[in-house]
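Shown next, in structure tokens, is the structure this report addresses.
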Amino acid sequence: MKEEDKEEEAQAEVEKWKYIFGFTNMAVVKCAIELGIADAIENHKSPIPLSDLSSTLNCNPSYLHRIMRFLVHQKIFREKPSINGSTGYEQTPLSRTLLGPGENTLKPMFLLESSPVMLAPWHFLRSRVLLSGSASFKGAHGDDLWKYGEENPDHSQLFNEAMASNARFTVRSLIGKCPEVFDGVKSLVDVGGGNGTSLSLLVEAFPWIDGINFDLPHVVSVAPEFDGVIHVGGDMFQSIPNADAASLMWVLHDWNDEDCIKILKKCKEAIPKENGKVIIIDAVISEEKKDDEMEIARLLMDMVMMAHTNTGKERTSKEWEFVIKKAGFSSHSITFIAALHSVIQCFP
């Protein structure tokens with residue numbers, strides 16, 4: 001056997017077990033969140049020994065040691081000598097996203113994706129791929145994601161909290177890297193804006209904007225109040241409130257091309273023909289096989305769309321161009337603002 005073949009075979013052996021136990025990582029992170037490990041370490045203010053951590057969390061030291069050994073190996077926490085010289089644990093940038101509640105937490109996103117409701121559709125992925133198969137989420141729960149959320153308020157709240165936690169990261173990146181997107185925009189309707197978190201951050205950064213948070217009635221009815229933002233309930237397939245610009249963050253990837261075109265046409269009707277625009281914040285899949293570290297995250301998100309929506313998908317730039325042109329826009333631009341997302345501006 002050639003030397004390169006031996007190396008490839010050895011690597012395949014490692015990868016094999018990673019794939020077999022892939023969901024283990026999510027399950028252990030969920031356990032860490034539920035135990036409050038990150039918060040306990042943060043509150044200790046210095047590397048915390050296992051004995052103190054287990055006492056604080058009221059945990060079995062032996063089992064907690066095994067959990068921490070795994071999480072340290074995954075680079076979620078770090079080992080560092082404690083004050084008494086024993087091995088202690090401290091935060092990493094990744095573990096700090098498990099703190100909460102707070103402005104920088106991604107805890108709701110972890111809890112959403114690891115919840116029984118969102119895990120069940122993965123067992124129906126095969127049926128989605130088959131020509132005669134049904135959607136994974138509907139196969140697991142009998143309804144699509146949106147209908148299920150309307151009938152299950154606890155899940156709807158978890159979903160909206162997860163979207164809000166992601167929005168905080170994405171909007172900060174958008175504000176920092178291309179604030180010019182909002183030059184001249186005096187009113188902005190956020191289509192599918194959930195509880196209004198993303199729009200509130202934009203209005204705070206650009207106080208000249210009057211914000212309209214637009215989502216399904218059962219979503220906006222429980223949304224918190226934000227300065228400069230009004231909540232409007234409705235159906236984006238029927239009509240969208242008028243504004244200088246419309247934004248869609250993590251919305252269009254939930255729908256197939258036909259539905260995206262319908263939504264974009266409604267957005268186009270809601271903005272001025274002369275100087276209006278639609279701002280899409282979503283992933284753009286690479287059309288070339290580049291060595292992009294974050295491409296796997298975009299491709300994973302595409303699998304999530306397959307499992308959790310009836311027809312959703314992540315799109316390449318050509319696929320985005322297709323739906324934008326079909327919706328009647330004359331031009332558009334794509335700007336990469338973060339590892340996972342891009343901002344796409346569409347002009348009438």
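Note on naming: chains are A, B, ... as they come in the structure tokens, residues start from 1 per chain, ligands start from 1 in the order shown.
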
Could you give me, as a PDB file with C-alpha atoms, in the first residue's frame, the residues within 7 Å of segment 263-277 of chain A, counting only C-alpha atoms and dropping anything in the same chain fewer than 4 positions from it?
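As written to disk, part-v7.pdb reads:
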```
ATOM      1  CA  MET A 236     -45.826  38.007   3.966  1.00  0.00           C
ATOM      2  CA  PHE A 237     -47.397  36.048   1.112  1.00  0.00           C
ATOM      3  CA  SER A 239     -48.988  41.933   1.765  1.00  0.00           C
ATOM      4  CA  ILE A 240     -46.109  43.713   3.510  1.00  0.00           C
ATOM      5  CA  PRO A 241     -46.219  47.155   5.185  1.00  0.00           C
ATOM      6  CA  ASN A 242     -44.767  49.978   3.104  1.00  0.00           C
ATOM      7  CA  ALA A 243     -41.304  51.327   3.940  1.00  0.00           C
ATOM      8  CA  ASP A 244     -38.205  52.791   2.280  1.00  0.00           C
ATOM      9  CA  ALA A 245     -36.553  49.366   2.532  1.00  0.00           C
ATOM     10  CA  ALA A 246     -37.440  45.809   3.492  1.00  0.00           C
ATOM     11  CA  ASP A 259     -42.192  30.949  -2.677  1.00  0.00           C
ATOM     12  CA  ALA A 327     -39.069  38.716  -8.735  1.00  0.00           C
ATOM     13  CA  GLN A 345     -29.091  44.289  -1.749  1.00  0.00           C
ATOM     14  CA  CYS A 346     -31.848  44.157  -4.380  1.00  0.00           C
ATOM     15  CA  PHE A 347     -32.874  47.254  -6.308  1.00  0.00           C
ATOM     16  CA  PRO A 348     -36.147  47.821  -8.237  1.00  0.00           C
TER      17      PRO A 348
END
```

DSSP says helix (DSSP H, G or I) for which residues of segment 136-321 of chain A? Put them as a PyMOL selection string? chain A and resi 136-141+145-151+153-177+179-182+197-205+217-220+252-254+257-270+295-308+317-321

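DSSP annotation of segment 70-191 of chain A from backbone atoms: strand (DSSP E) residues are A:Arg78, A:Glu79, A:Lys80, A:Pro81, A:Thr87, A:Gly88, A:Tyr89, A:Glu90, A:Ser187, A:Leu188, A:Val189, A:Asp190, A:Val191.
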
I want to know what sits within 7 Å of Ile76 of chain A, based on only C-alpha atoms, with residues of the same chain fewer than 3 positions away left out; could you give that as a PyMOL selection string? chain A and resi 71-72+92+94-95

Hey, what's within 9 Å of Leu64 of chain A if we count only C-alpha atoms and toss same-chain stuff fewer than 6 positions away? As an MDAnalysis selection string, please? chainID A and resid 50 53:54

If you count only C-alpha atoms, which residues fall within 12 Å of Glu288 of chain A, apart from same-chain ones fewer than 6 positions away, as JSON, numbers by chain? {"A": [295, 316, 317, 318]}

Hey, can you spit out that residue selection with N, CA and C atoms as a PDB file, in the first residue's frame?
```pdb
ATOM      1  N   GLU A 295     -17.247  27.050   4.911  1.00  0.00           N
ATOM      2  CA  GLU A 295     -18.161  26.461   3.924  1.00  0.00           C
ATOM      3  C   GLU A 295     -18.907  25.268   4.510  1.00  0.00           C
ATOM      4  N   THR A 316     -26.578  29.282  -3.873  1.00  0.00           N
ATOM      5  CA  THR A 316     -25.365  29.843  -4.450  1.00  0.00           C
ATOM      6  C   THR A 316     -25.685  31.237  -4.985  1.00  0.00           C
ATOM      7  N   SER A 317     -24.670  31.976  -5.380  1.00  0.00           N
ATOM      8  CA  SER A 317     -24.912  33.318  -5.927  1.00  0.00           C
ATOM      9  C   SER A 317     -25.756  33.249  -7.198  1.00  0.00           C
ATOM     10  N   LYS A 318     -25.566  32.212  -8.010  1.00  0.00           N
ATOM     11  CA  LYS A 318     -26.376  32.060  -9.229  1.00  0.00           C
ATOM     12  C   LYS A 318     -27.824  31.771  -8.890  1.00  0.00           C
TER      13      LYS A 318
END
```

Surrounding residues of Leu199 of chain A excluding itself and chain neighbours under 2 positions, 10 Å, only C-alpha atoms, as a PDB file with N, CA, C and O atoms, in the first residue's frame:
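As a result, part18.pdb now contains:
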```pdb
ATOM      1  N   ALA A 167     -29.387  36.770  15.735  1.00  0.00           N
ATOM      2  CA  ALA A 167     -29.501  38.104  15.135  1.00  0.00           C
ATOM      3  C   ALA A 167     -28.526  39.091  15.757  1.00  0.00           C
ATOM      4  O   ALA A 167     -27.977  39.955  15.066  1.00  0.00           O
ATOM      5  N   ARG A 168     -28.288  38.972  17.063  1.00  0.00           N
ATOM      6  CA  ARG A 168     -27.383  39.908  17.732  1.00  0.00           C
ATOM      7  C   ARG A 168     -25.983  39.860  17.128  1.00  0.00           C
ATOM      8  O   ARG A 168     -25.346  40.881  16.909  1.00  0.00           O
ATOM      9  N   VAL A 171     -26.318  41.111  13.195  1.00  0.00           N
ATOM     10  CA  VAL A 171     -26.570  42.544  13.028  1.00  0.00           C
ATOM     11  C   VAL A 171     -25.348  43.364  13.421  1.00  0.00           C
ATOM     12  O   VAL A 171     -25.019  44.361  12.758  1.00  0.00           O
ATOM     13  N   LEU A 188     -37.867  51.150   7.755  1.00  0.00           N
ATOM     14  CA  LEU A 188     -37.423  49.800   7.409  1.00  0.00           C
ATOM     15  C   LEU A 188     -38.420  48.791   7.966  1.00  0.00           C
ATOM     16  O   LEU A 188     -38.726  48.812   9.165  1.00  0.00           O
ATOM     17  N   VAL A 189     -38.925  47.902   7.100  1.00  0.00           N
ATOM     18  CA  VAL A 189     -39.787  46.820   7.554  1.00  0.00           C
ATOM     19  C   VAL A 189     -38.963  45.536   7.567  1.00  0.00           C
ATOM     20  O   VAL A 189     -38.381  45.160   6.550  1.00  0.00           O
ATOM     21  N   ASP A 190     -38.876  44.903   8.723  1.00  0.00           N
ATOM     22  CA  ASP A 190     -38.143  43.644   8.861  1.00  0.00           C
ATOM     23  C   ASP A 190     -39.141  42.513   8.694  1.00  0.00           C
ATOM     24  O   ASP A 190     -39.958  42.237   9.583  1.00  0.00           O
ATOM     25  N   VAL A 191     -39.083  41.850   7.557  1.00  0.00           N
ATOM     26  CA  VAL A 191     -40.051  40.814   7.197  1.00  0.00           C
ATOM     27  C   VAL A 191     -39.636  39.494   7.840  1.00  0.00           C
ATOM     28  O   VAL A 191     -38.522  39.026   7.631  1.00  0.00           O
ATOM     29  N   GLY A 193     -39.414  39.193  11.112  1.00  0.00           N
ATOM     30  CA  GLY A 193     -38.455  39.722  12.096  1.00  0.00           C
ATOM     31  C   GLY A 193     -38.549  39.116  13.481  1.00  0.00           C
ATOM     32  O   GLY A 193     -37.848  39.577  14.380  1.00  0.00           O
ATOM     33  N   GLY A 194     -39.406  38.103  13.670  1.00  0.00           N
ATOM     34  CA  GLY A 194     -39.483  37.435  14.969  1.00  0.00           C
ATOM     35  C   GLY A 194     -39.902  38.378  16.078  1.00  0.00           C
ATOM     36  O   GLY A 194     -40.892  39.116  15.950  1.00  0.00           O
ATOM     37  N   ASN A 195     -39.151  38.384  17.170  1.00  0.00           N
ATOM     38  CA  ASN A 195     -39.532  39.219  18.308  1.00  0.00           C
ATOM     39  C   ASN A 195     -39.002  40.650  18.213  1.00  0.00           C
ATOM     40  O   ASN A 195     -39.145  41.434  19.141  1.00  0.00           O
ATOM     41  N   GLY A 196     -38.368  40.991  17.074  1.00  0.00           N
ATOM     42  CA  GLY A 196     -37.933  42.366  16.838  1.00  0.00           C
ATOM     43  C   GLY A 196     -36.527  42.690  17.282  1.00  0.00           C
ATOM     44  O   GLY A 196     -36.097  43.848  17.194  1.00  0.00           O
ATOM     45  N   THR A 197     -35.771  41.697  17.735  1.00  0.00           N
ATOM     46  CA  THR A 197     -34.419  41.954  18.252  1.00  0.00           C
ATOM     47  C   THR A 197     -33.513  42.570  17.189  1.00  0.00           C
ATOM     48  O   THR A 197     -32.840  43.579  17.441  1.00  0.00           O
ATOM     49  N   LEU A 201     -31.849  46.521  17.172  1.00  0.00           N
ATOM     50  CA  LEU A 201     -30.416  46.813  17.126  1.00  0.00           C
ATOM     51  C   LEU A 201     -30.090  47.760  15.980  1.00  0.00           C
ATOM     52  O   LEU A 201     -29.237  48.653  16.114  1.00  0.00           O
ATOM     53  N   LEU A 202     -30.757  47.590  14.848  1.00  0.00           N
ATOM     54  CA  LEU A 202     -30.534  48.474  13.703  1.00  0.00           C
ATOM     55  C   LEU A 202     -31.032  49.886  14.004  1.00  0.00           C
ATOM     56  O   LEU A 202     -30.351  50.878  13.690  1.00  0.00           O
ATOM     57  N   VAL A 203     -32.209  49.986  14.627  1.00  0.00           N
ATOM     58  CA  VAL A 203     -32.756  51.302  14.958  1.00  0.00           C
ATOM     59  C   VAL A 203     -31.892  52.000  16.009  1.00  0.00           C
ATOM     60  O   VAL A 203     -31.706  53.220  15.976  1.00  0.00           O
ATOM     61  N   GLU A 204     -31.330  51.230  16.934  1.00  0.00           N
ATOM     62  CA  GLU A 204     -30.427  51.807  17.935  1.00  0.00           C
ATOM     63  C   GLU A 204     -29.167  52.360  17.282  1.00  0.00           C
ATOM     64  O   GLU A 204     -28.663  53.432  17.652  1.00  0.00           O
ATOM     65  N   ALA A 205     -28.642  51.613  16.284  1.00  0.00           N
ATOM     66  CA  ALA A 205     -27.427  52.054  15.590  1.00  0.00           C
ATOM     67  C   ALA A 205     -27.701  53.190  14.611  1.00  0.00           C
ATOM     68  O   ALA A 205     -26.835  54.063  14.408  1.00  0.00           O
ATOM     69  N   ILE A 209     -33.988  55.775  11.599  1.00  0.00           N
ATOM     70  CA  ILE A 209     -34.865  54.778  10.983  1.00  0.00           C
ATOM     71  C   ILE A 209     -36.090  54.523  11.862  1.00  0.00           C
ATOM     72  O   ILE A 209     -35.974  54.313  13.071  1.00  0.00           O
ATOM     73  N   ASP A 210     -37.269  54.550  11.241  1.00  0.00           N
ATOM     74  CA  ASP A 210     -38.495  54.083  11.877  1.00  0.00           C
ATOM     75  C   ASP A 210     -38.664  52.602  11.524  1.00  0.00           C
ATOM     76  O   ASP A 210     -38.707  52.243  10.337  1.00  0.00           O
ATOM     77  N   GLY A 211     -38.722  51.746  12.542  1.00  0.00           N
ATOM     78  CA  GLY A 211     -38.737  50.313  12.311  1.00  0.00           C
ATOM     79  C   GLY A 211     -40.123  49.695  12.393  1.00  0.00           C
ATOM     80  O   GLY A 211     -40.924  50.034  13.275  1.00  0.00           O
ATOM     81  N   ILE A 212     -40.414  48.780  11.470  1.00  0.00           N
ATOM     82  CA  ILE A 212     -41.658  48.002  11.475  1.00  0.00           C
ATOM     83  C   ILE A 212     -41.279  46.537  11.535  1.00  0.00           C
ATOM     84  O   ILE A 212     -40.707  45.987  10.578  1.00  0.00           O
ATOM     85  N   ASN A 213     -41.556  45.908  12.652  1.00  0.00           N
ATOM     86  CA  ASN A 213     -41.282  44.475  12.794  1.00  0.00           C
ATOM     87  C   ASN A 213     -42.509  43.699  12.342  1.00  0.00           C
ATOM     88  O   ASN A 213     -43.577  43.773  12.960  1.00  0.00           O
ATOM     89  N   PHE A 226     -39.869  47.815  21.851  1.00  0.00           N
ATOM     90  CA  PHE A 226     -38.562  48.436  21.613  1.00  0.00           C
ATOM     91  C   PHE A 226     -38.786  49.877  21.162  1.00  0.00           C
ATOM     92  O   PHE A 226     -39.717  50.150  20.388  1.00  0.00           O
ATOM     93  N   GLY A 228     -38.629  52.957  18.951  1.00  0.00           N
ATOM     94  CA  GLY A 228     -38.467  53.148  17.518  1.00  0.00           C
ATOM     95  C   GLY A 228     -38.957  52.001  16.666  1.00  0.00           C
ATOM     96  O   GLY A 228     -38.750  52.006  15.446  1.00  0.00           O
ATOM     97  N   VAL A 229     -39.614  51.002  17.281  1.00  0.00           N
ATOM     98  CA  VAL A 229     -40.081  49.828  16.548  1.00  0.00           C
ATOM     99  C   VAL A 229     -41.558  49.594  16.849  1.00  0.00           C
ATOM    100  O   VAL A 229     -41.975  49.612  18.015  1.00  0.00           O
ATOM    101  N   ILE A 230     -42.354  49.387  15.809  1.00  0.00           N
ATOM    102  CA  ILE A 230     -43.733  48.954  15.999  1.00  0.00           C
ATOM    103  C   ILE A 230     -43.864  47.533  15.460  1.00  0.00           C
ATOM    104  O   ILE A 230     -43.166  47.143  14.519  1.00  0.00           O
ATOM    105  N   SER A 247     -36.173  44.301   4.898  1.00  0.00           N
ATOM    106  CA  SER A 247     -35.068  43.383   5.201  1.00  0.00           C
ATOM    107  C   SER A 247     -35.623  41.993   5.488  1.00  0.00           C
ATOM    108  O   SER A 247     -36.731  41.835   6.013  1.00  0.00           O
TER     109      SER A 247
END
```

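One finds atom CA of Val343 of chain A at 14.8 Å from atom CA of Asp183 of chain A.
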
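Of the residues listed (A:Asp143, A:Glu7, A:Glu42, A:Glu319), A:Glu319 shows the shortest atom-to-atom separation from Asp257 of chain A; distances use only C-alpha atoms.
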
Residue contacts of Val222 of chain A (12 Å, only C-alpha atoms) excluding same-chain residues fewer than 6 positions away, as a ChimeraX atom specification: /A:150,153-154,156-157,160-161,194-196,215-216,231-233

Output file for the selection above: all heavy atoms, as a JSON list (two decimals), in the first residue's frame:
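File produced: result-v7.json:
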```json
[["chain", "number", "residue", "atom", "x", "y", "z"],
["A", 150, "GLU", "N", -47.17, 27.80, 15.96],
["A", 150, "GLU", "CA", -48.40, 28.50, 16.30],
["A", 150, "GLU", "C", -49.21, 27.74, 17.34],
["A", 150, "GLU", "O", -49.84, 28.33, 18.22],
["A", 150, "GLU", "CB", -49.24, 28.70, 15.03],
["A", 150, "GLU", "CG", -50.52, 29.50, 15.25],
["A", 150, "GLU", "CD", -51.29, 29.74, 13.97],
["A", 150, "GLU", "OE1", -50.81, 29.31, 12.89],
["A", 150, "GLU", "OE2", -52.37, 30.35, 14.04],
["A", 153, "PRO", "N", -46.87, 27.18, 21.93],
["A", 153, "PRO", "CA", -46.24, 28.45, 22.32],
["A", 153, "PRO", "C", -44.85, 28.29, 22.94],
["A", 153, "PRO", "O", -43.98, 29.14, 22.71],
["A", 153, "PRO", "CB", -47.23, 29.04, 23.32],
["A", 153, "PRO", "CG", -48.55, 28.40, 22.98],
["A", 153, "PRO", "CD", -48.21, 27.02, 22.50],
["A", 154, "ASP", "N", -44.62, 27.23, 23.69],
["A", 154, "ASP", "CA", -43.30, 27.06, 24.31],
["A", 154, "ASP", "C", -42.22, 26.87, 23.26],
["A", 154, "ASP", "O", -41.13, 27.44, 23.36],
["A", 154, "ASP", "CB", -43.31, 25.85, 25.26],
["A", 154, "ASP", "CG", -44.10, 26.13, 26.53],
["A", 154, "ASP", "OD1", -44.39, 27.31, 26.80],
["A", 154, "ASP", "OD2", -44.43, 25.17, 27.25],
["A", 156, "SER", "N", -42.48, 27.88, 20.12],
["A", 156, "SER", "CA", -42.40, 29.14, 19.39],
["A", 156, "SER", "C", -41.50, 30.13, 20.12],
["A", 156, "SER", "O", -40.68, 30.82, 19.50],
["A", 156, "SER", "CB", -43.80, 29.74, 19.23],
["A", 156, "SER", "OG", -43.75, 30.97, 18.54],
["A", 157, "GLN", "N", -41.62, 30.17, 21.46],
["A", 157, "GLN", "CA", -40.76, 31.07, 22.24],
["A", 157, "GLN", "C", -39.30, 30.66, 22.14],
["A", 157, "GLN", "O", -38.41, 31.51, 21.96],
["A", 157, "GLN", "CB", -41.20, 31.07, 23.71],
["A", 157, "GLN", "CG", -40.37, 32.00, 24.58],
["A", 157, "GLN", "CD", -40.83, 32.00, 26.03],
["A", 157, "GLN", "OE1", -41.87, 31.45, 26.36],
["A", 157, "GLN", "NE2", -40.04, 32.62, 26.90],
["A", 160, "ASN", "N", -38.00, 31.66, 18.68],
["A", 160, "ASN", "CA", -37.78, 33.10, 18.52],
["A", 160, "ASN", "C", -36.60, 33.59, 19.35],
["A", 160, "ASN", "O", -35.88, 34.50, 18.94],
["A", 160, "ASN", "CB", -39.06, 33.86, 18.88],
["A", 160, "ASN", "CG", -40.13, 33.69, 17.82],
["A", 160, "ASN", "OD1", -39.86, 33.79, 16.62],
["A", 160, "ASN", "ND2", -41.35, 33.42, 18.24],
["A", 161, "GLU", "N", -36.39, 33.00, 20.52],
["A", 161, "GLU", "CA", -35.22, 33.35, 21.33],
["A", 161, "GLU", "C", -33.93, 32.94, 20.62],
["A", 161, "GLU", "O", -32.92, 33.66, 20.66],
["A", 161, "GLU", "CB", -35.31, 32.69, 22.70],
["A", 161, "GLU", "CG", -36.36, 33.32, 23.62],
["A", 161, "GLU", "CD", -36.51, 32.55, 24.92],
["A", 161, "GLU", "OE1", -35.90, 31.47, 25.05],
["A", 161, "GLU", "OE2", -37.25, 33.04, 25.81],
["A", 194, "GLY", "N", -39.41, 38.10, 13.67],
["A", 194, "GLY", "CA", -39.48, 37.44, 14.97],
["A", 194, "GLY", "C", -39.90, 38.38, 16.08],
["A", 194, "GLY", "O", -40.89, 39.12, 15.95],
["A", 195, "ASN", "N", -39.15, 38.38, 17.17],
["A", 195, "ASN", "CA", -39.53, 39.22, 18.31],
["A", 195, "ASN", "C", -39.00, 40.65, 18.21],
["A", 195, "ASN", "O", -39.14, 41.43, 19.14],
["A", 195, "ASN", "CB", -39.10, 38.58, 19.63],
["A", 195, "ASN", "CG", -37.59, 38.52, 19.79],
["A", 195, "ASN", "OD1", -36.83, 39.10, 19.02],
["A", 195, "ASN", "ND2", -37.14, 37.79, 20.81],
["A", 196, "GLY", "N", -38.37, 40.99, 17.07],
["A", 196, "GLY", "CA", -37.93, 42.37, 16.84],
["A", 196, "GLY", "C", -36.53, 42.69, 17.28],
["A", 196, "GLY", "O", -36.10, 43.85, 17.19],
["A", 215, "ASP", "N", -44.28, 40.09, 11.32],
["A", 215, "ASP", "CA", -44.23, 38.63, 11.41],
["A", 215, "ASP", "C", -45.65, 38.12, 11.63],
["A", 215, "ASP", "O", -46.61, 38.90, 11.68],
["A", 215, "ASP", "CB", -43.29, 38.18, 12.54],
["A", 215, "ASP", "CG", -42.62, 36.83, 12.24],
["A", 215, "ASP", "OD1", -43.32, 35.90, 11.81],
["A", 215, "ASP", "OD2", -41.39, 36.72, 12.42],
["A", 216, "LEU", "N", -45.77, 36.80, 11.80],
["A", 216, "LEU", "CA", -47.08, 36.20, 12.01],
["A", 216, "LEU", "C", -47.72, 36.76, 13.27],
["A", 216, "LEU", "O", -47.01, 37.08, 14.24],
["A", 216, "LEU", "CB", -46.95, 34.69, 12.10],
["A", 216, "LEU", "CG", -46.51, 33.99, 10.79],
["A", 216, "LEU", "CD1", -46.12, 32.54, 11.07],
["A", 216, "LEU", "CD2", -47.61, 34.05, 9.74],
["A", 231, "HIS", "N", -44.73, 46.75, 16.08],
["A", 231, "HIS", "CA", -44.96, 45.37, 15.67],
["A", 231, "HIS", "C", -46.25, 45.29, 14.85],
["A", 231, "HIS", "O", -47.28, 45.82, 15.26],
["A", 231, "HIS", "CB", -45.07, 44.45, 16.89],
["A", 231, "HIS", "CG", -43.83, 44.42, 17.73],
["A", 231, "HIS", "ND1", -42.64, 43.90, 17.29],
["A", 231, "HIS", "CD2", -43.60, 44.85, 19.01],
["A", 231, "HIS", "CE1", -41.73, 44.00, 18.25],
["A", 231, "HIS", "NE2", -42.29, 44.57, 19.30],
["A", 232, "VAL", "N", -46.15, 44.61, 13.72],
["A", 232, "VAL", "CA", -47.32, 44.43, 12.85],
["A", 232, "VAL", "C", -47.44, 42.95, 12.50],
["A", 232, "VAL", "O", -46.46, 42.33, 12.05],
["A", 232, "VAL", "CB", -47.19, 45.27, 11.55],
["A", 232, "VAL", "CG1", -48.38, 45.01, 10.63],
["A", 232, "VAL", "CG2", -47.09, 46.75, 11.89],
["A", 233, "GLY", "N", -48.61, 42.40, 12.71],
["A", 233, "GLY", "CA", -48.84, 41.00, 12.36],
["A", 233, "GLY", "C", -49.46, 40.86, 10.99],
["A", 233, "GLY", "O", -50.25, 41.71, 10.56]]
```

Closest contacts (segment 87-160 of chain A/segment 21-36 of chain A, max 8 Å, only C-alpha atoms) as JSON lines:
```
{"residue": "A:Leu98", "atom": "CA", "partner": "A:Ile33", "partner_atom": "CA", "distance": 6.4}
{"residue": "A:Lys107", "atom": "CA", "partner": "A:Ile33", "partner_atom": "CA", "distance": 7.2}
{"residue": "A:Phe110", "atom": "CA", "partner": "A:Lys30", "partner_atom": "CA", "distance": 6.8}
{"residue": "A:Leu111", "atom": "CA", "partner": "A:Lys30", "partner_atom": "CA", "distance": 6.5}
{"residue": "A:Ser114", "atom": "CA", "partner": "A:Met26", "partner_atom": "CA", "distance": 6.5}
```

If you keep N, CA and C atoms, can you produce a file of those selected residues as a PDB file, in the first residue's frame?
```pdb
ATOM      1  N   LEU A  98     -21.987  30.249  25.723  1.00  0.00           N
ATOM      2  CA  LEU A  98     -22.932  29.404  26.463  1.00  0.00           C
ATOM      3  C   LEU A  98     -23.415  30.082  27.744  1.00  0.00           C
ATOM      4  N   LYS A 107     -26.813  30.461  23.679  1.00  0.00           N
ATOM      5  CA  LYS A 107     -27.429  29.354  24.398  1.00  0.00           C
ATOM      6  C   LYS A 107     -28.797  28.969  23.813  1.00  0.00           C
ATOM      7  N   PHE A 110     -28.351  26.711  20.750  1.00  0.00           N
ATOM      8  CA  PHE A 110     -27.964  25.351  21.118  1.00  0.00           C
ATOM      9  C   PHE A 110     -29.166  24.572  21.640  1.00  0.00           C
ATOM     10  N   LEU A 111     -29.953  25.201  22.513  1.00  0.00           N
ATOM     11  CA  LEU A 111     -31.087  24.512  23.115  1.00  0.00           C
ATOM     12  C   LEU A 111     -32.175  24.212  22.084  1.00  0.00           C
ATOM     13  N   SER A 114     -30.931  21.261  19.783  1.00  0.00           N
ATOM     14  CA  SER A 114     -30.785  19.995  20.497  1.00  0.00           C
ATOM     15  C   SER A 114     -32.083  19.558  21.168  1.00  0.00           C
TER      16      SER A 114
END
```

Counting only C-alpha atoms, figure out which residue out of A:Met163, A:Ala40, A:Ile344, A:Leu299 gets nearest to Gly100 of chain A. A:Ala40

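One distance worth recording is that between atom CA of Met303 of chain A and atom CA of Leu252 of chain A, which is 15.2 Å.
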
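Between atom CA of Glu314 of chain A and atom CA of Thr105 of chain A the separation is 24.5 Å.
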
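Considering the residues A:Leu145, A:Ile296, A:Val278, A:Val181 and counting only C-alpha atoms, Thr309 of chain A has its shortest atom-to-atom contact with A:Leu145.
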
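Distances to Arg96 of chain A were evaluated for A:Ile41, A:Trp146, A:His141, A:Leu119 using only C-alpha atoms, and the minimum falls at A:Ile41.
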